[in-house]
$ cat protein.txt   # compact mmCIF, C-alpha atoms and all ligand atoms
# COMPACT_ATOMS: atom_id res chain seq x y z
CA MET A 23 6.19 -28.68 -26.11
CA ILE A 24 6.86 -27.24 -22.67
CA GLU A 25 4.10 -25.77 -20.52
CA LEU A 26 5.28 -23.13 -18.05
CA HIS A 27 2.88 -23.03 -15.11
CA TYR A 28 3.66 -19.77 -13.37
CA TRP A 29 2.75 -16.36 -12.15
CA PRO A 30 5.08 -13.48 -13.09
CA THR A 31 6.75 -13.15 -9.67
CA THR A 32 10.52 -13.17 -9.22
CA ASN A 33 10.60 -16.98 -9.20
CA GLY A 34 8.25 -17.31 -12.15
CA GLN A 35 10.12 -14.78 -14.25
CA LYS A 36 13.39 -16.74 -13.99
CA ILE A 37 11.92 -19.43 -16.21
CA ALA A 38 10.20 -16.98 -18.56
CA LEU A 39 13.62 -15.37 -19.12
CA PHE A 40 14.94 -18.71 -20.34
CA LEU A 41 11.95 -19.72 -22.44
CA GLU A 42 11.60 -16.33 -24.13
CA GLU A 43 15.08 -16.87 -25.60
CA GLY A 44 13.15 -18.93 -28.15
CA LEU A 45 15.08 -22.21 -28.08
CA LEU A 46 12.08 -24.36 -27.24
CA ASP A 47 8.46 -24.64 -28.21
CA TRP A 48 6.52 -23.54 -25.12
CA GLU A 49 3.27 -22.13 -23.76
CA ALA A 50 2.55 -20.00 -20.70
CA ARG A 51 -0.06 -21.42 -18.29
CA PRO A 52 -0.82 -18.70 -15.73
CA VAL A 53 -1.40 -19.86 -12.12
CA ASN A 54 -2.79 -16.91 -10.20
CA ILE A 55 -1.31 -17.42 -6.73
CA SER A 56 -3.27 -14.52 -5.26
CA LYS A 57 -6.45 -16.45 -6.16
CA GLY A 58 -5.13 -19.73 -4.70
CA ARG A 59 -4.71 -21.52 -8.05
CA GLN A 60 -1.45 -23.08 -6.76
CA PHE A 61 -3.66 -25.43 -4.71
CA ASP A 62 -5.56 -26.78 -7.73
CA ALA A 63 -5.29 -30.55 -7.98
CA GLU A 64 -3.94 -30.45 -11.55
CA PHE A 65 -1.17 -28.02 -10.58
CA LEU A 66 -0.25 -30.05 -7.47
CA LYS A 67 0.41 -33.04 -9.73
CA ILE A 68 3.46 -31.25 -11.15
CA SER A 69 4.25 -29.01 -8.17
CA PRO A 70 3.45 -30.89 -4.94
CA ASN A 71 4.95 -28.02 -2.90
CA ASN A 72 2.13 -25.74 -4.18
CA LYS A 73 4.50 -23.09 -5.45
CA ILE A 74 5.17 -21.66 -8.88
CA PRO A 75 7.06 -22.07 -11.15
CA ALA A 76 6.70 -25.57 -12.54
CA ILE A 77 7.03 -26.96 -16.05
CA LEU A 78 5.47 -29.87 -17.84
CA ASP A 79 7.68 -31.05 -20.68
CA ARG A 80 5.51 -33.04 -23.06
CA ALA A 81 8.57 -34.20 -25.03
CA PRO A 82 11.20 -34.69 -22.33
CA ALA A 83 14.91 -35.00 -22.97
CA GLY A 84 15.54 -38.74 -23.43
CA GLY A 85 11.93 -39.51 -24.39
CA GLY A 86 9.24 -41.16 -22.28
CA ALA A 87 6.18 -39.83 -20.49
CA PRO A 88 5.65 -36.09 -19.96
CA LEU A 89 7.96 -34.77 -17.26
CA GLY A 90 6.91 -32.33 -14.55
CA VAL A 91 9.64 -30.33 -12.82
CA PHE A 92 9.19 -27.88 -9.92
CA GLU A 93 11.70 -25.59 -8.10
CA SER A 94 13.10 -22.78 -10.24
CA GLY A 95 16.75 -23.87 -9.91
CA ALA A 96 15.97 -27.42 -11.01
CA ILE A 97 13.92 -26.12 -13.94
CA LEU A 98 16.71 -23.79 -15.11
CA LEU A 99 19.23 -26.63 -14.94
CA TYR A 100 16.91 -28.95 -16.85
CA LEU A 101 16.26 -26.41 -19.59
CA ALA A 102 19.96 -25.56 -19.90
CA GLU A 103 20.91 -29.21 -20.17
CA LYS A 104 18.09 -29.98 -22.58
CA THR A 105 19.07 -27.18 -24.96
CA GLY A 106 22.83 -27.13 -24.34
CA ARG A 107 22.58 -23.35 -23.83
CA PHE A 108 23.17 -20.85 -21.03
CA LEU A 109 25.34 -23.26 -19.00
CA PRO A 110 28.90 -24.28 -19.89
CA ALA A 111 29.28 -27.99 -20.69
CA ASP A 112 32.68 -28.44 -19.01
CA PRO A 113 32.50 -29.36 -15.29
CA ALA A 114 34.49 -26.33 -14.09
CA GLY A 115 32.50 -23.83 -16.14
CA LYS A 116 29.29 -25.53 -15.10
CA ALA A 117 30.26 -25.29 -11.41
CA ARG A 118 31.17 -21.60 -11.82
CA ALA A 119 27.62 -20.91 -13.02
CA THR A 120 25.63 -23.32 -10.86
CA GLN A 121 27.21 -22.03 -7.62
CA TRP A 122 25.51 -18.70 -8.34
CA VAL A 123 22.19 -20.40 -9.12
CA PHE A 124 22.34 -22.07 -5.69
CA TRP A 125 23.48 -18.78 -4.11
CA GLN A 126 20.28 -17.16 -5.34
CA ILE A 127 18.04 -20.06 -4.34
CA GLY A 128 19.58 -20.37 -0.85
CA GLY A 129 20.47 -16.75 -0.06
CA LEU A 130 19.33 -13.84 -2.22
CA GLY A 131 15.90 -15.34 -2.96
CA PRO A 132 14.79 -16.25 0.59
CA ASN A 133 16.15 -13.02 2.11
CA SER A 134 14.42 -10.91 -0.49
CA GLY A 135 11.21 -12.80 0.31
CA GLN A 136 11.72 -11.91 3.99
CA ALA A 137 12.16 -8.25 3.04
CA ASN A 138 8.59 -8.32 1.70
CA VAL A 139 7.41 -9.59 5.10
CA PHE A 140 9.38 -7.27 7.37
CA THR A 141 7.68 -4.00 6.44
CA GLY A 142 5.10 -1.84 8.23
CA ASP A 143 3.73 -3.37 11.43
CA MET A 144 5.87 -6.49 11.15
CA ALA A 145 9.03 -4.36 11.00
CA GLU A 146 7.96 -2.21 13.94
CA LYS A 147 7.14 -5.24 16.09
CA ASN A 148 10.29 -7.15 15.10
CA PRO A 149 13.13 -4.61 14.81
CA GLY A 150 15.88 -7.18 15.44
CA ALA A 151 14.67 -9.62 12.80
CA THR A 152 14.06 -6.76 10.35
CA GLU A 153 17.58 -5.43 10.81
CA ARG A 154 19.00 -8.90 10.32
CA VAL A 155 17.18 -9.40 7.01
CA PHE A 156 18.16 -6.02 5.56
CA ASN A 157 21.77 -6.35 6.74
CA GLU A 158 21.96 -9.74 5.09
CA LEU A 159 20.55 -8.31 1.86
CA GLN A 160 23.18 -5.56 1.92
CA ARG A 161 25.86 -8.19 2.39
CA LEU A 162 24.52 -10.26 -0.51
CA TYR A 163 24.44 -7.25 -2.86
CA LYS A 164 28.08 -6.53 -1.90
CA VAL A 165 29.05 -10.12 -2.68
CA MET A 166 27.32 -9.89 -6.04
CA ASP A 167 28.88 -6.52 -6.85
CA GLY A 168 32.31 -7.98 -6.05
CA GLN A 169 31.75 -10.90 -8.41
CA LEU A 170 30.45 -8.65 -11.18
CA GLY A 171 33.57 -6.50 -10.77
CA ARG A 172 35.59 -9.56 -11.77
CA THR A 173 33.42 -11.07 -14.51
CA ALA A 174 30.85 -9.68 -16.94
CA PHE A 175 28.16 -12.09 -15.75
CA LEU A 176 27.77 -14.07 -12.54
CA GLY A 177 29.15 -17.34 -13.90
CA GLY A 178 31.89 -15.79 -16.05
CA ALA A 179 32.11 -14.04 -19.41
CA ASP A 180 28.72 -15.22 -20.68
CA TYR A 181 25.07 -14.79 -19.76
CA THR A 182 23.89 -18.02 -18.10
CA ILE A 183 21.11 -19.44 -15.94
CA ALA A 184 22.96 -17.91 -12.96
CA ASP A 185 22.00 -14.47 -14.24
CA MET A 186 18.44 -15.55 -15.06
CA ALA A 187 18.07 -16.74 -11.45
CA SER A 188 19.09 -13.42 -9.87
CA TYR A 189 17.90 -10.77 -12.33
CA PRO A 190 14.19 -10.74 -11.34
CA THR A 191 15.10 -10.46 -7.64
CA ILE A 192 17.49 -7.58 -8.20
CA LEU A 193 14.78 -5.61 -9.99
CA ASN A 194 13.22 -5.31 -6.50
CA HIS A 195 16.28 -3.53 -5.11
CA GLU A 196 14.27 -0.55 -3.90
CA ARG A 197 12.15 -2.86 -1.75
CA HIS A 198 15.42 -4.21 -0.35
CA LYS A 199 16.41 -0.62 0.55
CA ILE A 200 19.38 -0.84 -1.79
CA SER A 201 20.51 1.79 -4.26
CA LEU A 202 22.26 0.37 -7.30
CA ASP A 203 24.41 3.55 -7.31
CA ASP A 204 26.20 1.89 -4.39
CA HIS A 205 26.69 -1.27 -6.49
CA PRO A 206 27.91 -0.05 -9.90
CA ASN A 207 28.79 -3.50 -11.19
CA VAL A 208 25.30 -4.79 -10.41
CA LYS A 209 23.89 -1.70 -12.13
CA ARG A 210 25.93 -2.36 -15.29
CA TRP A 211 24.81 -6.03 -15.23
CA VAL A 212 21.12 -5.06 -14.87
CA GLU A 213 21.39 -2.76 -17.90
CA ALA A 214 23.12 -5.44 -19.98
CA ILE A 215 20.41 -7.98 -19.21
CA ARG A 216 17.54 -5.52 -19.61
CA ALA A 217 18.74 -4.87 -23.18
CA ARG A 218 18.11 -8.47 -24.26
CA PRO A 219 14.97 -8.76 -26.44
CA ALA A 220 14.02 -12.01 -24.65
CA VAL A 221 14.06 -10.23 -21.30
CA GLN A 222 11.86 -7.45 -22.64
CA ARG A 223 9.41 -10.02 -24.03
CA ALA A 224 9.30 -11.80 -20.65
CA TYR A 225 8.30 -8.59 -18.88
CA GLU A 226 5.78 -7.59 -21.55
CA ARG A 227 4.16 -11.01 -21.17
CA ALA A 228 4.24 -10.58 -17.36
CA GLU A 229 2.31 -7.33 -17.68
CA ALA A 230 -0.31 -8.97 -19.92
CA ILE A 231 -0.71 -11.94 -17.56
CA ARG A 232 -1.16 -9.67 -14.52
CA LYS A 233 -3.73 -7.55 -16.38
CA ALA A 234 -5.72 -10.63 -17.42
CA GLY A 235 -5.67 -11.74 -13.74
N1 LIG A 301 12.15 -22.35 -3.94
C1 LIG A 301 11.04 -22.13 -4.83
C2 LIG A 301 10.28 -20.92 -4.36
C3 LIG A 301 9.01 -20.73 -5.16
C4 LIG A 301 8.09 -19.70 -4.53
O1 LIG A 301 8.33 -19.20 -3.42
N2 LIG A 301 6.99 -19.37 -5.24
C5 LIG A 301 6.01 -18.46 -4.72
C6 LIG A 301 5.83 -17.27 -5.66
S1 LIG A 301 7.32 -16.38 -5.90
C7 LIG A 301 4.66 -19.17 -4.63
O2 LIG A 301 4.32 -19.94 -5.49
N3 LIG A 301 3.89 -18.92 -3.57
C8 LIG A 301 2.59 -19.47 -3.41
C9 LIG A 301 2.39 -20.14 -2.07
O3 LIG A 301 3.33 -20.17 -1.26
O4 LIG A 301 1.29 -20.65 -1.83
C10 LIG A 301 11.58 -21.94 -6.26
O5 LIG A 301 12.70 -21.45 -6.39
O6 LIG A 301 10.88 -22.31 -7.22

$ encode --input "protein.txt" --output "structure tokens" --more "lines below"
Ligand SMILES: N[C@@H](CCC(=O)N[C@@H](CS)C(=O)NCC(=O)O)C(=O)O
Amino acid sequence: MIELHYWPTTNGQKIALFLEEGLLDWEARPVNISKGRQFDAEFLKISPNNKIPAILDRAPAGGGAPLGVFESGAILLYLAEKTGRFLPADPAGKARATQWVFWQIGGLGPNSGQANVFTGDMAEKNPGATERVFNELQRLYKVMDGQLGRTAFLGGADYTIADMASYPTILNHERHKISLDDHPNVKRWVEAIRARPAVQRAYERAEAIRKAG
């Protein structure tokens, strides 16, 4: 059984998207980061960086003691390799998908986090930094739209962990001051992913977790 310790933020939802596909026995363990639960000693044992998401796999691939994994990219890779799903097995196909996982973790994710910071007062006091963040986001959306003009999904013809990594971030496009009408390939991709029952379940669960606090 896999415990998912998370809060339904963009990073947390990446892992829920995978687990809701129903390939593994799992349980959600909410960690309310607005109440500081990410600093609880038990959580820090599996996520020493005090950030969600983290998993605890009580029956790890290869056997042995329960395995804790933190960092959303590492968790997605682990789950894909454990199940043999949502990541091609051949090295070239795997690289085509993982490059987009790392692109999200190193580019789209951090810049979208900055967009949440550079609003209101912060934006007024730091116009140069604000412009830089939003310009970079525009560039990243263009890169993504270009890729999705060539392939159905980020890593190629199939839905993979590359798409699970970016989808929750892209749902915040309005906060990034981006209209998906300017990025028709991204828009088509969002609709294709939104239609998956597992994705709908992940967001229904997110709603319930937020309500329960
Ligand atoms: N690079 C990390 C980022 C995780 C992250 O930023 N998590 C945020 C929520 S989206 C968090 O736990 N923040 C709580 C804190 O910083 O104390 C990943 O991809 O897992």

$ residues_around --input "protein.txt" --residues "A:Asn138" --least-positions-apart "5" --cutoff "12 Å" --atoms "all atoms listed in the file" --output "list in words"
Gly131, Pro132, Asn133, Asp143, Met144, Ala145, Thr152, Val155, Phe156, Leu159, Thr191, Asn194, His195, Glu196, Arg197, His198 and Lys199 of chain A

$ write_last_selection --input "protein.txt" --atoms "C-alpha atoms" --output "mmCIF file, in the coordinates of the input"
data_model
loop_
_atom_site.group_PDB
_atom_site.id
_atom_site.type_symbol
_atom_site.label_atom_id
_atom_site.label_comp_id
_atom_site.auth_asym_id
_atom_site.auth_seq_id
_atom_site.Cartn_x
_atom_site.Cartn_y
_atom_site.Cartn_z
ATOM 1 C CA GLY A 131 15.900 -15.340 -2.960
ATOM 2 C CA PRO A 132 14.790 -16.250 0.590
ATOM 3 C CA ASN A 133 16.150 -13.020 2.110
ATOM 4 C CA ASP A 143 3.730 -3.370 11.430
ATOM 5 C CA MET A 144 5.870 -6.490 11.150
ATOM 6 C CA ALA A 145 9.030 -4.360 11.000
ATOM 7 C CA THR A 152 14.060 -6.760 10.350
ATOM 8 C CA VAL A 155 17.180 -9.400 7.010
ATOM 9 C CA PHE A 156 18.160 -6.020 5.560
ATOM 10 C CA LEU A 159 20.550 -8.310 1.860
ATOM 11 C CA THR A 191 15.100 -10.460 -7.640
ATOM 12 C CA ASN A 194 13.220 -5.310 -6.500
ATOM 13 C CA HIS A 195 16.280 -3.530 -5.110
ATOM 14 C CA GLU A 196 14.270 -0.550 -3.900
ATOM 15 C CA ARG A 197 12.150 -2.860 -1.750
ATOM 16 C CA HIS A 198 15.420 -4.210 -0.350
ATOM 17 C CA LYS A 199 16.410 -0.620 0.550
#

$ residues_around --input "protein.txt" --residues "A:Ala187" --least-positions-apart "3" --cutoff "9 Å" --atoms "all atoms listed in the file" --output "number ranges by chain"
A: 32-33, 35-37, 39, 94-95, 98, 122-124, 126-127, 131, 182-184, 190-191

$ write_last_selection --input "protein.txt" --atoms "C-alpha atoms" --output "mmCIF file, in the frame of the given file"
data_model
loop_
_atom_site.group_PDB
_atom_site.id
_atom_site.type_symbol
_atom_site.label_atom_id
_atom_site.label_comp_id
_atom_site.auth_asym_id
_atom_site.auth_seq_id
_atom_site.Cartn_x
_atom_site.Cartn_y
_atom_site.Cartn_z
ATOM 1 C CA THR A 32 10.520 -13.170 -9.220
ATOM 2 C CA ASN A 33 10.600 -16.980 -9.200
ATOM 3 C CA GLN A 35 10.120 -14.780 -14.250
ATOM 4 C CA LYS A 36 13.390 -16.740 -13.990
ATOM 5 C CA ILE A 37 11.920 -19.430 -16.210
ATOM 6 C CA LEU A 39 13.620 -15.370 -19.120
ATOM 7 C CA SER A 94 13.100 -22.780 -10.240
ATOM 8 C CA GLY A 95 16.750 -23.870 -9.910
ATOM 9 C CA LEU A 98 16.710 -23.790 -15.110
ATOM 10 C CA TRP A 122 25.510 -18.700 -8.340
ATOM 11 C CA VAL A 123 22.190 -20.400 -9.120
ATOM 12 C CA PHE A 124 22.340 -22.070 -5.690
ATOM 13 C CA GLN A 126 20.280 -17.160 -5.340
ATOM 14 C CA ILE A 127 18.040 -20.060 -4.340
ATOM 15 C CA GLY A 131 15.900 -15.340 -2.960
ATOM 16 C CA THR A 182 23.890 -18.020 -18.100
ATOM 17 C CA ILE A 183 21.110 -19.440 -15.940
ATOM 18 C CA ALA A 184 22.960 -17.910 -12.960
ATOM 19 C CA PRO A 190 14.190 -10.740 -11.340
ATOM 20 C CA THR A 191 15.100 -10.460 -7.640
#

$ residues_around --input "protein.txt" --residues "A:Ile215" --least-positions-apart "5" --cutoff "10 Å" --atoms "all atoms listed in the file" --output "list in words"
Phe175, Tyr181, Asp185, Met186, Tyr189, Arg210, Ala220, Val221 and Gln222 of chain A

$ residues_near_ligand --input "protein.txt" --ligand "ligand LIG 301 (chain A)" --cutoff "8 Å" --atoms "all atoms listed in the file" --output "count of residues only"
23

$ atom_distance --input "protein.txt" --atom1 "atom CA of A:Val139" --atom2 "atom CA of A:Ala119"
29.4 Å

$ residues_around --input "protein.txt" --residues "A:Glu42" --least-positions-apart "2" --cutoff "7 Å" --atoms "all atoms listed in the file" --output "PyMOL selection string"
chain A and resi 38-40+44+220+223-224

$ residues_around --input "protein.txt" --residues "A:Asp47" --least-positions-apart "4" --cutoff "9 Å" --atoms "all atoms listed in the file" --output "JSON list (two decimals) with C-alpha atoms, in the coordinates of the input"
[["chain", "number", "residue", "atom", "x", "y", "z"],
["A", 23, "MET", "CA", 6.19, -28.68, -26.11],
["A", 24, "ILE", "CA", 6.86, -27.24, -22.67],
["A", 25, "GLU", "CA", 4.10, -25.77, -20.52],
["A", 41, "LEU", "CA", 11.95, -19.72, -22.44]]

$ closest_residue --input "protein.txt" --among "A:Leu46, A:Ile200, A:Ile192, A:Leu162" --to "A:Val212" --atoms "only C-alpha atoms"
A:Ile192

$ decode --input "protein.txt" --residues "stretch 103-127 of chain A" --atoms "N, CA and C atoms" --output "compact mmCIF listing (two decimals), in the first residue's frame"
# COMPACT_ATOMS: atom_id res chain seq x y z
N GLU A 103 7.96 3.52 -12.87
CA GLU A 103 8.83 2.35 -12.99
C GLU A 103 8.25 1.17 -12.21
N LYS A 104 7.62 1.47 -11.09
CA LYS A 104 7.04 0.38 -10.30
C LYS A 104 5.90 -0.31 -11.06
N THR A 105 5.09 0.49 -11.75
CA THR A 105 3.92 -0.08 -12.42
C THR A 105 4.19 -0.45 -13.88
N GLY A 106 5.26 0.12 -14.45
CA GLY A 106 5.51 -0.09 -15.87
C GLY A 106 4.51 0.66 -16.74
N ARG A 107 3.93 1.75 -16.20
CA ARG A 107 2.93 2.52 -16.95
C ARG A 107 3.28 4.01 -16.97
N PHE A 108 2.80 4.67 -17.99
CA PHE A 108 2.93 6.12 -18.15
C PHE A 108 4.37 6.60 -18.33
N LEU A 109 5.24 5.70 -18.78
CA LEU A 109 6.62 6.06 -19.14
C LEU A 109 7.13 4.95 -20.05
N PRO A 110 7.55 5.31 -21.27
CA PRO A 110 8.05 4.24 -22.15
C PRO A 110 9.23 3.52 -21.51
N ALA A 111 9.37 2.23 -21.85
CA ALA A 111 10.45 1.43 -21.26
C ALA A 111 11.76 1.61 -22.03
N ASP A 112 11.67 1.91 -23.33
CA ASP A 112 12.92 2.03 -24.11
C ASP A 112 13.62 3.34 -23.76
N PRO A 113 14.97 3.34 -23.76
CA PRO A 113 15.70 4.52 -23.30
C PRO A 113 15.35 5.81 -24.05
N ALA A 114 15.14 5.71 -25.37
CA ALA A 114 14.84 6.94 -26.13
C ALA A 114 13.46 7.48 -25.75
N GLY A 115 12.48 6.58 -25.69
CA GLY A 115 11.13 7.01 -25.34
C GLY A 115 11.08 7.56 -23.92
N LYS A 116 11.86 6.90 -23.06
CA LYS A 116 11.90 7.34 -21.66
C LYS A 116 12.51 8.75 -21.57
N ALA A 117 13.58 8.99 -22.33
CA ALA A 117 14.21 10.31 -22.33
C ALA A 117 13.28 11.37 -22.89
N ARG A 118 12.50 10.99 -23.93
CA ARG A 118 11.56 11.97 -24.52
C ARG A 118 10.54 12.43 -23.50
N ALA A 119 10.13 11.52 -22.61
CA ALA A 119 9.16 11.90 -21.58
C ALA A 119 9.84 12.58 -20.39
N THR A 120 10.94 12.01 -19.92
CA THR A 120 11.52 12.56 -18.68
C THR A 120 12.07 13.98 -18.89
N GLN A 121 12.50 14.31 -20.12
CA GLN A 121 13.00 15.67 -20.33
C GLN A 121 11.91 16.70 -20.01
N TRP A 122 10.65 16.33 -20.29
CA TRP A 122 9.55 17.25 -20.00
C TRP A 122 9.17 17.25 -18.52
N VAL A 123 9.42 16.13 -17.83
CA VAL A 123 9.22 16.14 -16.37
C VAL A 123 10.22 17.13 -15.77
N PHE A 124 11.48 17.04 -16.18
CA PHE A 124 12.51 17.92 -15.62
C PHE A 124 12.27 19.38 -16.05
N TRP A 125 11.73 19.56 -17.23
CA TRP A 125 11.39 20.91 -17.72
C TRP A 125 10.36 21.55 -16.79
N GLN A 126 9.40 20.77 -16.35
CA GLN A 126 8.40 21.31 -15.42
C GLN A 126 9.04 21.60 -14.07
N ILE A 127 9.80 20.64 -13.57
CA ILE A 127 10.37 20.78 -12.22
C ILE A 127 11.35 21.96 -12.17
